[in-house]
Structure formats: C-alpha cells, structure tokens
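Below is one structure, written out as structure tokens, with a few remarks after it.
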Amino acid sequence: MTSLEEWKKMTSARIGLNRVGGSLSTQDLLRFRLDHARAKDAVLLEPKFGELLTNLDKLGKRYGIEAVPAESLAQNRLEYLLRPDLGRSLSEGSQGELAARAGEYDLAIVGIDGLSAKATDSNLVPFLNVLLSGLESLRLKLAPLVLARFGRVALGDEIARTLGAATVIVLIGERPGLSSADSLGMYLTYDPKVGTTDEARNCVSNIRPLGFDLESAAAKTKYLLKESLLRKLSGVRLKDEMDPSFLQKPRSETLE
C-alpha cells in the first residue's frame, strides 16, 4: 500500500494533512476546530443520567440486579474538574444508600461519567449489554449496578468496599482526544479499598465501535476478571497472557 489516501482511510488519526503555502488547508483546519469542539463538549457536558439509569435498570432486571445512582463529594461539574480529590470519595447520602444493599458479592460494576459525557451516553449501556451476557457462564454473584456522578476511577474502590464486593469493574468516560471523544475505559481491581493505587488495576482502554470494539473489549475484560478471581490479584501482578488470536475471530465467538 503506497497511497497516502489509502492510509488515511484506515485511521481517524491526523495524518497526511494538506497544506496551502505554510498553512493547513481550510478543510483540515475546519476539521480540527470541529474535533476540538467535540472534545470540549465531552468534558464540559453532563451525561443523560436519567436516561442512563432507566436503561441500566432494564438491563439489570435481566440478571436479577437493580441499578442505583451514586454521587461523589463534588457538587457540580466545575468543582469536579478543579478538585479531582472530591471525585474519589462518596457523598454521605450515597454511602448510606449503598450500605443498605451490602452483601457478599463476587463483582461490583460501576459506571462513572469521568471526563467524557459522550462516551458514557454512547457506549456504557451497549458495552454492559455485551459484557453481562458474556459473564453469565462465570456464574458470579453480582452487586447492584451503580451509576456514579462526578467520579474518578478510585470512586469505584469505595463503592465496591461499601457493597462488599471482592472485585470491581469501573467503566468511565476517558479524557477525549481530537479524534476520539467517545472512548470508554475499563478498570479492574481485586480487593478494592480506599487508598488503592493505580498499579493494582488492569485497564482496557479506547472501548468504542471505532476503537477497541465492544465485543473484543468485553472478551478481554472477561479474561482479566476470570484470572483475577482465580489468582486473587490484579494490576501489574496479573499478566495478560490471553491469546491475541481472539481479535481475528468473528465477534460472536469472542465471548465463548
């Protein structure tokens, strides 16, 4: 393959930009401004929490679990962006709501807005739909699905500890790039607790239809979760030895 135009068809990355004299072409400049505006919207706007919670509740009922909302200590979007520490702790009201549902669970799944409302709105429920279907064969005892507002990844540790879950999967909107404002991130932590640091987590990033497709990302998540529960660890101590050939399999086979 030698044509630059052919390479450009294979990626949304900004390669081979056209120039007019010393400047970008009008077409590429307008595309840059549009992508920049989309990235800003992803960070500043809030997800459609009411709609998301309704859809999560419908999804949870298929598996006999409820969906519950939660909030961090941040009071609004601006405070959340300026005070990351507040996004790592549960509000007092949410602590009580979740404590009332405490039990002995294998897994807690927590959806968090993070830094991309578009990722949460577009990909959270579709990805969970695929993931929960794939996890059925593991016969796990699932905690209620939690949808958290103004949260960082570490918020999932306190949520899982409050619920009494052995592991937690946090699905969070990732910081947007200029070609991907809708990326969802997955963070897996075994034995989560307040103060857990990032080396104790496994991450699957760029989950979106045009990135790490939902079926492949769910297959990877299932593998990591299964190994984590089996070995009772996560993070840098849990090596990813999954055969990469699953990426070439038909999507319907990746979760088998």
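Each chain in the structure tokens gets a letter, A, B and so on, in the order shown; residues start at 1 in every chain, and ligands are counted from 1 in the order they appear.
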DSSP strand (DSSP E or B) residues within region 69-181 of chain A, listed as a PyMOL selection string: chain A and resi 69-72+90+105-112+142+145-149+165-173+177+180
Shell of 9 Å around region 129-142 of chain A, only C-alpha atoms, local chain residues under 4 positions omitted, as number ranges by chain: A: 59, 63-65, 104-109, 124-125, 165, 214-215, 217-219, 221-222, 226, 255-256
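The shell of residues at most 6 Å from Pro47 (chain A), with only C-alpha atoms counted and near chain neighbours (fewer than 2 positions) removed, consists of Phe49, Ala117 and Asp121 of chain A.
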Can you write just those residues out, N, CA, C and O atoms, as a PDB file, in the first residue's frame?
ATOM      1  N   PHE A  49     -28.096  11.320  32.752  1.00  0.00           N
ATOM      2  CA  PHE A  49     -28.137  10.355  33.847  1.00  0.00           C
ATOM      3  C   PHE A  49     -29.494   9.663  33.979  1.00  0.00           C
ATOM      4  O   PHE A  49     -29.564   8.469  34.257  1.00  0.00           O
ATOM      5  N   ALA A 117     -18.768  12.807  28.670  1.00  0.00           N
ATOM      6  CA  ALA A 117     -20.197  12.518  28.692  1.00  0.00           C
ATOM      7  C   ALA A 117     -20.601  11.715  27.462  1.00  0.00           C
ATOM      8  O   ALA A 117     -21.463  10.836  27.536  1.00  0.00           O
ATOM      9  N   ASP A 121     -22.743   8.297  27.490  1.00  0.00           N
ATOM     10  CA  ASP A 121     -24.044   8.251  26.822  1.00  0.00           C
ATOM     11  C   ASP A 121     -24.071   7.211  25.696  1.00  0.00           C
ATOM     12  O   ASP A 121     -25.054   6.495  25.509  1.00  0.00           O
TER      13      ASP A 121
END
DSSP-assigned alpha helix (DSSP H) members of region 21-243 of chain A, reported as a PyMOL selection string: chain A and resi 26-44+49-62+77-82+92-99+117-135+155-163+214-231
Shortest interatomic distance to Tyr190 (chain A) - which of A:Gly235, A:Gly156, A:Gly50, A:Gly177, counting only C-alpha atoms: A:Gly235
Near-Arg14 (chain A) list (10 Å; only C-alpha atoms; drop same-chain fewer than 4 positions) as JSON, numbers by chain: {"A": [8, 28, 31, 32, 178, 179]}
Would you save the residues from that selection as an mmCIF file, in the first residue's frame, using N, CA, C and O atoms?
data_model
loop_
_atom_site.group_PDB
_atom_site.id
_atom_site.type_symbol
_atom_site.label_atom_id
_atom_site.label_comp_id
_atom_site.auth_asym_id
_atom_site.auth_seq_id
_atom_site.Cartn_x
_atom_site.Cartn_y
_atom_site.Cartn_z
ATOM 1 N N LYS A 8 -5.035 7.006 5.033
ATOM 2 C CA LYS A 8 -5.949 7.892 5.752
ATOM 3 C C LYS A 8 -7.327 7.272 5.949
ATOM 4 O O LYS A 8 -8.035 7.589 6.899
ATOM 5 N N ASP A 28 -8.835 20.894 6.431
ATOM 6 C CA ASP A 28 -8.222 20.300 7.615
ATOM 7 C C ASP A 28 -8.343 21.211 8.833
ATOM 8 O O ASP A 28 -8.489 20.740 9.969
ATOM 9 N N ARG A 31 -11.826 20.832 10.147
ATOM 10 C CA ARG A 31 -11.955 19.530 10.808
ATOM 11 C C ARG A 31 -11.328 19.568 12.205
ATOM 12 O O ARG A 31 -11.870 19.037 13.160
ATOM 13 N N PHE A 32 -10.173 20.250 12.305
ATOM 14 C CA PHE A 32 -9.521 20.393 13.612
ATOM 15 C C PHE A 32 -10.437 21.129 14.588
ATOM 16 O O PHE A 32 -10.605 20.719 15.741
ATOM 17 N N LEU A 178 -8.479 14.407 20.090
ATOM 18 C CA LEU A 178 -9.049 15.148 18.966
ATOM 19 C C LEU A 178 -9.688 14.250 17.920
ATOM 20 O O LEU A 178 -10.345 14.727 17.001
ATOM 21 N N SER A 179 -9.469 12.952 18.022
ATOM 22 C CA SER A 179 -10.127 12.049 17.082
ATOM 23 C C SER A 179 -10.988 11.017 17.786
ATOM 24 O O SER A 179 -11.520 10.112 17.140
#
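You will find CA of Gly93 (chain A) at 14.4 Å from CA of Leu155 (chain A).
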Nearest to Gln95 (chain A), chosen from A:Val20, A:Val68, A:Leu225, A:Leu82, with only C-alpha atoms counted in the distances: A:Val68
One-decimal distance in Å that lies between CA of Leu210 (chain A) and CA of Lys40 (chain A):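 Rounded to one decimal, the two atoms are 19.7 Å apart.
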Selected residue, from A:Glu97, A:Ser216, A:Asp113, A:Lys193, that lies nearest to Ile172 (chain A) when counting only C-alpha atoms: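 When distances to Ile172 (chain A) are compared using only C-alpha atoms, the smallest one comes from A:Asp113.
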